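Structure file run_2.pdb with PDB, N, CA and C atoms:
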ATOM      1  N   MET A   1     -10.842  31.152  51.639
ATOM      2  CA  MET A   1     -10.558  31.885  50.426
ATOM      3  C   MET A   1     -10.527  30.897  49.260
ATOM      4  N   ALA A   2     -11.188  31.247  48.195
ATOM      5  CA  ALA A   2     -11.179  30.413  46.995
ATOM      6  C   ALA A   2      -9.775  30.371  46.398
ATOM      7  N   ARG A   3      -9.499  29.350  45.635
ATOM      8  CA  ARG A   3      -8.191  29.223  44.993
ATOM      9  C   ARG A   3      -7.879  30.487  44.197
ATOM     10  N   GLN A   4      -6.650  30.955  44.319
ATOM     11  CA  GLN A   4      -6.176  32.131  43.597
ATOM     12  C   GLN A   4      -4.957  31.716  42.770
ATOM     13  N   TYR A   5      -4.854  32.267  41.562
ATOM     14  CA  TYR A   5      -3.774  31.916  40.646
ATOM     15  C   TYR A   5      -2.765  33.049  40.557
ATOM     16  N   PHE A   6      -1.523  32.683  40.289
ATOM     17  CA  PHE A   6      -0.450  33.656  40.096
ATOM     18  C   PHE A   6       0.523  33.105  39.068
ATOM     19  N   TRP A   7       1.278  34.005  38.450
ATOM     20  CA  TRP A   7       2.190  33.632  37.375
ATOM     21  C   TRP A   7       3.595  33.413  37.918
ATOM     22  N   VAL A   8       4.226  32.335  37.479
ATOM     23  CA  VAL A   8       5.631  32.078  37.797
ATOM     24  C   VAL A   8       6.393  32.208  36.478
ATOM     25  N   ALA A   9       7.265  33.194  36.414
ATOM     26  CA  ALA A   9       8.005  33.486  35.179
ATOM     27  C   ALA A   9       8.960  32.351  34.812
ATOM     28  N   GLU A  10       9.352  32.318  33.548
ATOM     29  CA  GLU A  10      10.227  31.263  33.040
ATOM     30  C   GLU A  10      11.600  31.242  33.708
ATOM     31  N   ASP A  11      12.041  32.369  34.228
ATOM     32  CA  ASP A  11      13.371  32.423  34.863
ATOM     33  C   ASP A  11      13.309  32.279  36.391
ATOM     34  N   THR A  12      12.179  31.852  36.928
ATOM     35  CA  THR A  12      12.012  31.717  38.378
ATOM     36  C   THR A  12      12.316  30.277  38.812
ATOM     37  N   ALA A  13      13.413  30.118  39.554
ATOM     38  CA  ALA A  13      13.825  28.793  40.027
ATOM     39  C   ALA A  13      13.228  28.460  41.391
ATOM     40  N   LYS A  14      12.890  29.496  42.158
ATOM     41  CA  LYS A  14      12.264  29.296  43.466
ATOM     42  C   LYS A  14      11.524  30.568  43.838
ATOM     43  N   PHE A  15      10.544  30.425  44.727
ATOM     44  CA  PHE A  15       9.793  31.589  45.191
ATOM     45  C   PHE A  15       9.272  31.318  46.592
ATOM     46  N   SER A  16       8.732  32.380  47.192
ATOM     47  CA  SER A  16       8.147  32.241  48.528
ATOM     48  C   SER A  16       6.778  32.908  48.567
ATOM     49  N   GLU A  17       5.945  32.388  49.450
ATOM     50  CA  GLU A  17       4.625  32.961  49.759
ATOM     51  C   GLU A  17       4.531  32.979  51.283
ATOM     52  N   THR A  18       4.084  34.085  51.854
ATOM     53  CA  THR A  18       4.013  34.232  53.308
ATOM     54  C   THR A  18       2.588  34.526  53.747
ATOM     55  N   VAL A  19       2.184  33.871  54.831
ATOM     56  CA  VAL A  19       0.884  34.136  55.439
ATOM     57  C   VAL A  19       1.134  34.724  56.822
ATOM     58  N   ASP A  20       0.381  35.770  57.146
ATOM     59  CA  ASP A  20       0.507  36.464  58.430
ATOM     60  C   ASP A  20      -0.886  36.509  59.058
ATOM     61  N   ALA A  21      -1.069  35.753  60.133
ATOM     62  CA  ALA A  21      -2.347  35.744  60.859
ATOM     63  C   ALA A  21      -2.044  36.028  62.325
ATOM     64  N   ALA A  22      -1.439  37.187  62.567
ATOM     65  CA  ALA A  22      -0.951  37.519  63.890
ATOM     66  C   ALA A  22      -2.006  37.890  64.931
ATOM     67  N   PRO A  23      -3.163  38.447  64.570
ATOM     68  CA  PRO A  23      -4.107  38.818  65.631
ATOM     69  C   PRO A  23      -4.471  37.617  66.516
ATOM     70  N   LEU A  24      -4.626  37.867  67.795
ATOM     71  CA  LEU A  24      -4.931  36.818  68.769
ATOM     72  C   LEU A  24      -6.154  36.011  68.344
ATOM     73  N   GLY A  25      -6.024  34.696  68.328
ATOM     74  CA  GLY A  25      -7.133  33.810  67.994
ATOM     75  C   GLY A  25      -7.331  33.574  66.512
ATOM     76  N   GLU A  26      -6.546  34.226  65.682
ATOM     77  CA  GLU A  26      -6.686  34.075  64.239
ATOM     78  C   GLU A  26      -5.579  33.168  63.717
ATOM     79  N   THR A  27      -5.936  32.281  62.813
ATOM     80  CA  THR A  27      -4.958  31.362  62.239
ATOM     81  C   THR A  27      -5.237  31.180  60.759
ATOM     82  N   ALA A  28      -4.234  30.716  60.039
ATOM     83  CA  ALA A  28      -4.403  30.461  58.613
ATOM     84  C   ALA A  28      -3.411  29.395  58.164
ATOM     85  N   THR A  29      -3.836  28.626  57.183
ATOM     86  CA  THR A  29      -2.967  27.647  56.539
ATOM     87  C   THR A  29      -2.898  27.999  55.062
ATOM     88  N   LEU A  30      -1.688  28.131  54.553
ATOM     89  CA  LEU A  30      -1.436  28.463  53.158
ATOM     90  C   LEU A  30      -0.967  27.209  52.437
ATOM     91  N   THR A  31      -1.619  26.875  51.324
ATOM     92  CA  THR A  31      -1.209  25.736  50.511
ATOM     93  C   THR A  31      -0.875  26.241  49.114
ATOM     94  N   VAL A  32       0.274  25.802  48.591
ATOM     95  CA  VAL A  32       0.736  26.183  47.253
ATOM     96  C   VAL A  32       0.596  24.965  46.336
ATOM     97  N   TYR A  33       0.046  25.198  45.138
ATOM     98  CA  TYR A  33      -0.171  24.138  44.160
ATOM     99  C   TYR A  33       0.601  24.426  42.877
ATOM    100  N   ASN A  34       1.183  23.390  42.293
ATOM    101  CA  ASN A  34       1.871  23.556  41.016
ATOM    102  C   ASN A  34       0.832  23.619  39.885
ATOM    103  N   PRO A  35       1.269  23.809  38.629
ATOM    104  CA  PRO A  35       0.308  23.909  37.523
ATOM    105  C   PRO A  35      -0.553  22.666  37.305
ATOM    106  N   GLU A  36      -0.135  21.522  37.824
ATOM    107  CA  GLU A  36      -0.949  20.307  37.730
ATOM    108  C   GLU A  36      -1.923  20.186  38.901
ATOM    109  N   LYS A  37      -2.005  21.256  39.721
ATOM    110  CA  LYS A  37      -2.878  21.342  40.897
ATOM    111  C   LYS A  37      -2.510  20.339  41.990
ATOM    112  N   THR A  38      -1.215  19.983  42.045
ATOM    113  CA  THR A  38      -0.693  19.126  43.099
ATOM    114  C   THR A  38      -0.125  20.012  44.203
ATOM    115  N   SER A  39      -0.489  19.747  45.445
ATOM    116  CA  SER A  39       0.034  20.510  46.578
ATOM    117  C   SER A  39       1.543  20.273  46.698
ATOM    118  N   VAL A  40       2.309  21.358  46.706
ATOM    119  CA  VAL A  40       3.771  21.241  46.795
ATOM    120  C   VAL A  40       4.336  21.877  48.062
ATOM    121  N   ALA A  41       3.534  22.664  48.758
ATOM    122  CA  ALA A  41       3.988  23.280  50.007
ATOM    123  C   ALA A  41       2.778  23.684  50.830
ATOM    124  N   GLN A  42       2.925  23.553  52.151
ATOM    125  CA  GLN A  42       1.855  23.984  53.053
ATOM    126  C   GLN A  42       2.497  24.485  54.344
ATOM    127  N   VAL A  43       2.080  25.663  54.778
ATOM    128  CA  VAL A  43       2.540  26.229  56.045
ATOM    129  C   VAL A  43       1.335  26.743  56.809
ATOM    130  N   THR A  44       1.481  26.828  58.117
ATOM    131  CA  THR A  44       0.394  27.330  58.954
ATOM    132  C   THR A  44       0.930  28.349  59.950
ATOM    133  N   SER A  45       0.074  29.282  60.289
ATOM    134  CA  SER A  45       0.450  30.284  61.288
ATOM    135  C   SER A  45       0.348  29.720  62.703
ATOM    136  N   VAL A  46      -0.331  28.572  62.861
ATOM    137  CA  VAL A  46      -0.487  27.953  64.181
ATOM    138  C   VAL A  46       0.884  27.555  64.705
ATOM    139  N   GLY A  47       1.284  28.139  65.814
ATOM    140  CA  GLY A  47       2.578  27.845  66.415
ATOM    141  C   GLY A  47       3.761  28.546  65.766
ATOM    142  N   ALA A  48       3.538  29.285  64.691
ATOM    143  CA  ALA A  48       4.629  30.006  64.027
ATOM    144  C   ALA A  48       4.979  31.262  64.817
ATOM    145  N   PRO A  49       6.246  31.640  64.832
ATOM    146  CA  PRO A  49       6.637  32.871  65.528
ATOM    147  C   PRO A  49       5.835  34.071  65.021
ATOM    148  N   LYS A  50       5.188  34.763  65.933
ATOM    149  CA  LYS A  50       4.371  35.944  65.638
ATOM    150  C   LYS A  50       3.242  35.646  64.647
ATOM    151  N   GLY A  51       2.884  34.376  64.459
ATOM    152  CA  GLY A  51       1.790  34.020  63.564
ATOM    153  C   GLY A  51       2.117  34.173  62.095
ATOM    154  N   ILE A  52       3.414  34.206  61.764
ATOM    155  CA  ILE A  52       3.853  34.407  60.380
ATOM    156  C   ILE A  52       4.586  33.164  59.904
ATOM    157  N   ALA A  53       4.176  32.628  58.760
ATOM    158  CA  ALA A  53       4.805  31.428  58.211
ATOM    159  C   ALA A  53       5.058  31.628  56.715
ATOM    160  N   THR A  54       6.207  31.149  56.246
ATOM    161  CA  THR A  54       6.594  31.316  54.845
ATOM    162  C   THR A  54       6.833  29.964  54.184
ATOM    163  N   ALA A  55       6.232  29.783  53.029
ATOM    164  CA  ALA A  55       6.464  28.593  52.203
ATOM    165  C   ALA A  55       7.564  28.918  51.202
ATOM    166  N   GLN A  56       8.580  28.082  51.142
ATOM    167  CA  GLN A  56       9.661  28.206  50.163
ATOM    168  C   GLN A  56       9.442  27.110  49.124
ATOM    169  N   VAL A  57       9.357  27.491  47.867
ATOM    170  CA  VAL A  57       9.014  26.532  46.817
ATOM    171  C   VAL A  57      10.091  26.518  45.726
ATOM    172  N   GLU A  58      10.585  25.319  45.423
ATOM    173  CA  GLU A  58      11.495  25.106  44.292
ATOM    174  C   GLU A  58      10.627  24.885  43.055
ATOM    175  N   VAL A  59      11.013  25.493  41.928
ATOM    176  CA  VAL A  59      10.210  25.410  40.706
ATOM    177  C   VAL A  59      10.936  24.543  39.673
ATOM    178  N   PRO A  60      10.428  23.343  39.417
ATOM    179  CA  PRO A  60      11.036  22.513  38.363
ATOM    180  C   PRO A  60      10.939  23.226  37.010
ATOM    181  N   GLN A  61      11.900  23.005  36.160
ATOM    182  CA  GLN A  61      11.952  23.660  34.847
ATOM    183  C   GLN A  61      10.630  23.524  34.087
ATOM    184  N   ARG A  62       9.996  22.362  34.132
ATOM    185  CA  ARG A  62       8.773  22.135  33.348
ATOM    186  C   ARG A  62       7.579  22.955  33.840
ATOM    187  N   PHE A  63       7.676  23.521  35.060
ATOM    188  CA  PHE A  63       6.573  24.312  35.603
ATOM    189  C   PHE A  63       6.852  25.819  35.592
ATOM    190  N   ARG A  64       7.945  26.217  34.974
ATOM    191  CA  ARG A  64       8.257  27.653  34.870
ATOM    192  C   ARG A  64       7.494  28.248  33.693
ATOM    193  N   GLY A  65       7.130  29.512  33.827
ATOM    194  CA  GLY A  65       6.360  30.162  32.772
ATOM    195  C   GLY A  65       4.924  29.671  32.733
ATOM    196  N   LYS A  66       4.385  29.342  33.919
ATOM    197  CA  LYS A  66       3.021  28.812  34.006
ATOM    198  C   LYS A  66       2.286  29.387  35.212
ATOM    199  N   ALA A  67       0.976  29.134  35.232
ATOM    200  CA  ALA A  67       0.129  29.570  36.344
ATOM    201  C   ALA A  67       0.205  28.552  37.482
ATOM    202  N   TRP A  68       0.455  29.025  38.679
ATOM    203  CA  TRP A  68       0.428  28.256  39.911
ATOM    204  C   TRP A  68      -0.765  28.768  40.708
ATOM    205  N   SER A  69      -1.064  28.133  41.839
ATOM    206  CA  SER A  69      -2.202  28.606  42.639
ATOM    207  C   SER A  69      -1.966  28.397  44.125
ATOM    208  N   ILE A  70      -2.791  29.079  44.908
ATOM    209  CA  ILE A  70      -2.738  28.990  46.368
ATOM    210  C   ILE A  70      -4.152  28.940  46.925
ATOM    211  N   THR A  71      -4.259  28.388  48.121
ATOM    212  CA  THR A  71      -5.488  28.510  48.903
ATOM    213  C   THR A  71      -5.088  28.942  50.304
ATOM    214  N   LEU A  72      -5.978  29.624  50.955
ATOM    215  CA  LEU A  72      -5.801  30.067  52.337
ATOM    216  C   LEU A  72      -7.005  29.549  53.110
ATOM    217  N   THR A  73      -6.751  28.720  54.124
ATOM    218  CA  THR A  73      -7.826  28.121  54.908
ATOM    219  C   THR A  73      -7.556  28.340  56.395
ATOM    220  N   LYS A  74      -8.558  28.054  57.205
ATOM    221  CA  LYS A  74      -8.433  28.182  58.658
ATOM    222  C   LYS A  74      -7.393  27.191  59.167
ATOM    223  N   GLY A  75      -6.634  27.620  60.159
ATOM    224  CA  GLY A  75      -5.677  26.723  60.791
ATOM    225  C   GLY A  75      -6.399  25.676  61.625
ATOM    226  N   SER A  76      -5.647  24.811  62.265
ATOM    227  CA  SER A  76      -6.240  23.711  63.036
ATOM    228  C   SER A  76      -6.984  24.188  64.286
ATOM    229  N   ILE A  77      -6.689  25.397  64.727
ATOM    230  CA  ILE A  77      -7.402  26.023  65.848
ATOM    231  C   ILE A  77      -7.713  27.460  65.463
ATOM    232  N   GLY A  78      -8.488  28.143  66.281
ATOM    233  CA  GLY A  78      -8.777  29.549  66.034
ATOM    234  C   GLY A  78      -9.731  29.748  64.871
ATOM    235  N   MET A  79      -9.691  30.967  64.311
ATOM    236  CA  MET A  79     -10.575  31.291  63.195
ATOM    237  C   MET A  79      -9.801  32.029  62.119
ATOM    238  N   LEU A  80     -10.317  31.994  60.913
ATOM    239  CA  LEU A  80      -9.723  32.708  59.790
ATOM    240  C   LEU A  80     -10.550  33.961  59.546
ATOM    241  N   ASP A  81      -9.944  35.106  59.787
ATOM    242  CA  ASP A  81     -10.637  36.372  59.575
ATOM    243  C   ASP A  81      -9.660  37.384  59.009
ATOM    244  N   ASP A  82      -8.741  37.842  59.826
ATOM    245  CA  ASP A  82      -7.749  38.819  59.379
ATOM    246  C   ASP A  82      -6.429  38.104  59.119
ATOM    247  N   ALA A  83      -6.189  37.772  57.872
ATOM    248  CA  ALA A  83      -4.930  37.141  57.483
ATOM    249  C   ALA A  83      -4.403  37.880  56.258
ATOM    250  N   TRP A  84      -3.092  37.998  56.178
ATOM    251  CA  TRP A  84      -2.457  38.688  55.075
ATOM    252  C   TRP A  84      -1.587  37.702  54.310
ATOM    253  N   LEU A  85      -1.574  37.865  53.017
ATOM    254  CA  LEU A  85      -0.765  37.031  52.144
ATOM    255  C   LEU A  85       0.230  37.931  51.429
ATOM    256  N   SER A  86       1.488  37.514  51.403
ATOM    257  CA  SER A  86       2.522  38.279  50.710
ATOM    258  C   SER A  86       3.258  37.383  49.727
ATOM    259  N   CYS A  87       3.333  37.847  48.487
ATOM    260  CA  CYS A  87       4.111  37.133  47.470
ATOM    261  C   CYS A  87       5.573  37.532  47.611
ATOM    262  N   GLY A  88       6.481  36.588  47.422
ATOM    263  CA  GLY A  88       7.902  36.896  47.448
ATOM    264  C   GLY A  88       8.280  37.821  46.303
ATOM    265  N   GLU A  89       9.444  38.454  46.422
ATOM    266  CA  GLU A  89       9.905  39.395  45.394
ATOM    267  C   GLU A  89      10.112  38.730  44.038
ATOM    268  N   GLU A  90      10.213  37.411  44.022
ATOM    269  CA  GLU A  90      10.427  36.677  42.773
ATOM    270  C   GLU A  90       9.168  36.626  41.920
ATOM    271  N   LEU A  91       8.020  36.969  42.510
ATOM    272  CA  LEU A  91       6.731  36.832  41.849
ATOM    273  C   LEU A  91       6.098  38.169  41.529
ATOM    274  N   SER A  92       5.226  38.141  40.547
ATOM    275  CA  SER A  92       4.367  39.273  40.269
ATOM    276  C   SER A  92       3.379  39.372  41.435
ATOM    277  N   PRO A  93       2.978  40.569  41.857
ATOM    278  CA  PRO A  93       2.078  40.691  43.010
ATOM    279  C   PRO A  93       0.601  40.492  42.682
ATOM    280  N   TYR A  94       0.281  39.999  41.501
ATOM    281  CA  TYR A  94      -1.109  39.872  41.090
ATOM    282  C   TYR A  94      -1.660  38.469  41.338
ATOM    283  N   LEU A  95      -2.849  38.403  41.931
ATOM    284  CA  LEU A  95      -3.574  37.149  42.104
ATOM    285  C   LEU A  95      -4.858  37.239  41.292
ATOM    286  N   CYS A  96      -5.363  36.086  40.858
ATOM    287  CA  CYS A  96      -6.565  36.071  40.029
ATOM    288  C   CYS A  96      -7.383  34.832  40.368
ATOM    289  N   PRO A  97      -8.721  34.929  40.403
ATOM    290  CA  PRO A  97      -9.543  33.765  40.723
ATOM    291  C   PRO A  97      -9.681  32.748  39.586
ATOM    292  N   ALA A  98      -9.204  33.068  38.394
ATOM    293  CA  ALA A  98      -9.267  32.135  37.262
ATOM    294  C   ALA A  98      -7.953  32.211  36.489
ATOM    295  N   ALA A  99      -7.340  31.064  36.253
ATOM    296  CA  ALA A  99      -6.034  31.041  35.586
ATOM    297  C   ALA A  99      -6.080  31.713  34.218
ATOM    298  N   GLY A 100      -7.152  31.553  33.496
ATOM    299  CA  GLY A 100      -7.255  32.120  32.154
ATOM    300  C   GLY A 100      -7.456  33.628  32.116
ATOM    301  N   GLN A 101      -7.667  34.258  33.273
ATOM    302  CA  GLN A 101      -7.910  35.691  33.315
ATOM    303  C   GLN A 101      -6.764  36.473  33.943
ATOM    304  N   MET A 102      -5.674  35.798  34.269
ATOM    305  CA  MET A 102      -4.606  36.478  35.001
ATOM    306  C   MET A 102      -3.765  37.397  34.133
ATOM    307  N   LEU A 103      -3.201  38.416  34.787
ATOM    308  CA  LEU A 103      -2.246  39.312  34.131
ATOM    309  C   LEU A 103      -0.900  38.596  34.106
ATOM    310  N   ILE A 104      -0.274  38.580  32.951
ATOM    311  CA  ILE A 104       1.045  37.957  32.825
ATOM    312  C   ILE A 104       2.041  39.076  32.540
ATOM    313  N   PRO A 105       2.935  39.372  33.507
ATOM    314  CA  PRO A 105       3.912  40.450  33.312
ATOM    315  C   PRO A 105       4.857  40.130  32.155
ATOM    316  N   LYS A 106       5.238  41.148  31.443
ATOM    317  CA  LYS A 106       6.200  41.002  30.320
ATOM    318  C   LYS A 106       7.511  41.642  30.690
TER     319      LYS A 106
END
Mind turning this structure into structure tokens?
Amino acid sequence: MARQYFWVAEDTAKFSETVDAAPLGETATLTVYNPEKTSVAQVTSVGAPKGIATAQVEVPQRFRGKAWSITLTKGSIGMLDDAWLSCGEELSPYLCPAAGQMLIPK
């Protein structure tokens, strides 16, 4: 999956992103990037209970009110086909392939 962008509101101190690749033989690795495109969290469904893994991310003050991004790639084994991504309740549920085109909730 190509990099996808999402908005982190100014009052968001932490958030979560969950990947679910439960079907047999399917795996996924979720990587979260801050606004400077530095990887800040990575989780994989490989070996995770029921194939579900959640990244918990602390948001430094300087990165609040900005676009963050994620990538979803194949795990170290298996294949990437049917995987689900869930944004935590702290986030807007919208993803966008370009940071400049994203919906910013008010």
For segment 89-104 of chain A: contacts at 6.5 Å, all atoms listed in the file, fewer than 3 positions along chain excluded, given as a short mmCIF file (atom, residue, chain, number, x, y, z; two decimals) with N, CA and C atoms, in the coordinates of the input:
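Final file, selection-v6.cif:
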data_model
loop_
_atom_site.label_atom_id
_atom_site.label_comp_id
_atom_site.auth_asym_id
_atom_site.auth_seq_id
_atom_site.Cartn_x
_atom_site.Cartn_y
_atom_site.Cartn_z
N ARG A 3 -9.50 29.35 45.64
CA ARG A 3 -8.19 29.22 44.99
C ARG A 3 -7.88 30.49 44.20
N GLN A 4 -6.65 30.96 44.32
CA GLN A 4 -6.18 32.13 43.60
C GLN A 4 -4.96 31.72 42.77
N TYR A 5 -4.85 32.27 41.56
CA TYR A 5 -3.77 31.92 40.65
C TYR A 5 -2.76 33.05 40.56
N PHE A 6 -1.52 32.68 40.29
CA PHE A 6 -0.45 33.66 40.10
C PHE A 6 0.52 33.10 39.07
N TRP A 7 1.28 34.01 38.45
CA TRP A 7 2.19 33.63 37.38
C TRP A 7 3.60 33.41 37.92
N VAL A 8 4.23 32.34 37.48
CA VAL A 8 5.63 32.08 37.80
C VAL A 8 6.39 32.21 36.48
N LYS A 14 12.89 29.50 42.16
CA LYS A 14 12.26 29.30 43.47
C LYS A 14 11.52 30.57 43.84
N PHE A 15 10.54 30.42 44.73
CA PHE A 15 9.79 31.59 45.19
C PHE A 15 9.27 31.32 46.59
N SER A 16 8.73 32.38 47.19
CA SER A 16 8.15 32.24 48.53
C SER A 16 6.78 32.91 48.57
N ALA A 67 0.98 29.13 35.23
CA ALA A 67 0.13 29.57 36.34
C ALA A 67 0.20 28.55 37.48
#
Dump as a Markdown table the rows for residues of segment 71-94 of chain A within 6 Å of segment 26-50 of chain A: closest atom pair and distance in Å with one decimal, all atoms listed in the file counted, ordered by chain and rising residue number.
| residue | atom | partner | partner_atom | distance |
| --- | --- | --- | --- | --- |
| A:Thr71 | N | A:Thr31 | C | 4.1 |
| A:Leu72 | CA | A:Thr29 | C | 4.5 |
| A:Thr73 | C | A:Thr29 | N | 3.8 |
| A:Lys74 | C | A:Thr29 | N | 4.3 |
| A:Gly75 | N | A:Thr27 | C | 3.9 |
| A:Ile77 | C | A:Thr27 | CA | 5.8 |
| A:Gly78 | C | A:Thr27 | N | 5.0 |
| A:Met79 | C | A:Thr27 | N | 3.9 |
| A:Leu80 | N | A:Thr27 | N | 4.8 |
| A:Asp81 | N | A:Glu26 | CA | 5.6 |
For Ala9 of chain A, find every residue with an atom within 6.5 Å (counting all atoms listed in the file), except residues of its own chain fewer than 3 positions away, and show them as an MDAnalysis selection string. chainID A and resid 12 64:66
Apply the PyMOL selection byres ((chain A and resi 53) around 5) to the structure shown and report the selected residues as a PDB file with N, CA and C atoms, keeping the file's coordinate frame.
ATOM      1  N   THR A  18       4.084  34.085  51.854  1.00  0.00           N
ATOM      2  CA  THR A  18       4.013  34.232  53.308  1.00  0.00           C
ATOM      3  C   THR A  18       2.588  34.526  53.747  1.00  0.00           C
ATOM      4  N   VAL A  19       2.184  33.871  54.831  1.00  0.00           N
ATOM      5  CA  VAL A  19       0.884  34.136  55.439  1.00  0.00           C
ATOM      6  C   VAL A  19       1.134  34.724  56.822  1.00  0.00           C
ATOM      7  N   GLY A  51       2.884  34.376  64.459  1.00  0.00           N
ATOM      8  CA  GLY A  51       1.790  34.020  63.564  1.00  0.00           C
ATOM      9  C   GLY A  51       2.117  34.173  62.095  1.00  0.00           C
ATOM     10  N   ILE A  52       3.414  34.206  61.764  1.00  0.00           N
ATOM     11  CA  ILE A  52       3.853  34.407  60.380  1.00  0.00           C
ATOM     12  C   ILE A  52       4.586  33.164  59.904  1.00  0.00           C
ATOM     13  N   THR A  54       6.207  31.149  56.246  1.00  0.00           N
ATOM     14  CA  THR A  54       6.594  31.316  54.845  1.00  0.00           C
ATOM     15  C   THR A  54       6.833  29.964  54.184  1.00  0.00           C
ATOM     16  N   ALA A  55       6.232  29.783  53.029  1.00  0.00           N
ATOM     17  CA  ALA A  55       6.464  28.593  52.203  1.00  0.00           C
ATOM     18  C   ALA A  55       7.564  28.918  51.202  1.00  0.00           C
TER      19      ALA A  55
END
Box in all listed atoms of segment 66-84 of chain A, axis-aligned, with 5 Å more on each side; write out centre and edge lengths in Å to one decimal as lines of an AutoDock Vina configuration file.
center_x = -3.1
center_y = 31.3
center_z = 50.1
size_x = 25.0
size_y = 25.1
size_z = 42.4
Would you work out the distance separating atom N of Gly25 of chain A from atom N of Ser86 of chain A, expressed in Å to one decimal?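 So the answer is 18.7 Å.
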Atomic distance atom N of Lys106 of chain A - atom CA of Ala13 of chain A, expressed in Å with one decimal: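 Atom CA of Ala13 of chain A lies 17.3 Å from atom N of Lys106 of chain A.
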Determine which residues of chain A receive a DSSP assignment of strand (DSSP E), computed from the backbone, and state them as a count of residues only. 42
Which value, in Å to one decimal, gives the distance between atom CA of Glu58 of chain A and atom CA of Asp82 of chain A?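 Computing it gives 28.0 Å between the two atoms.
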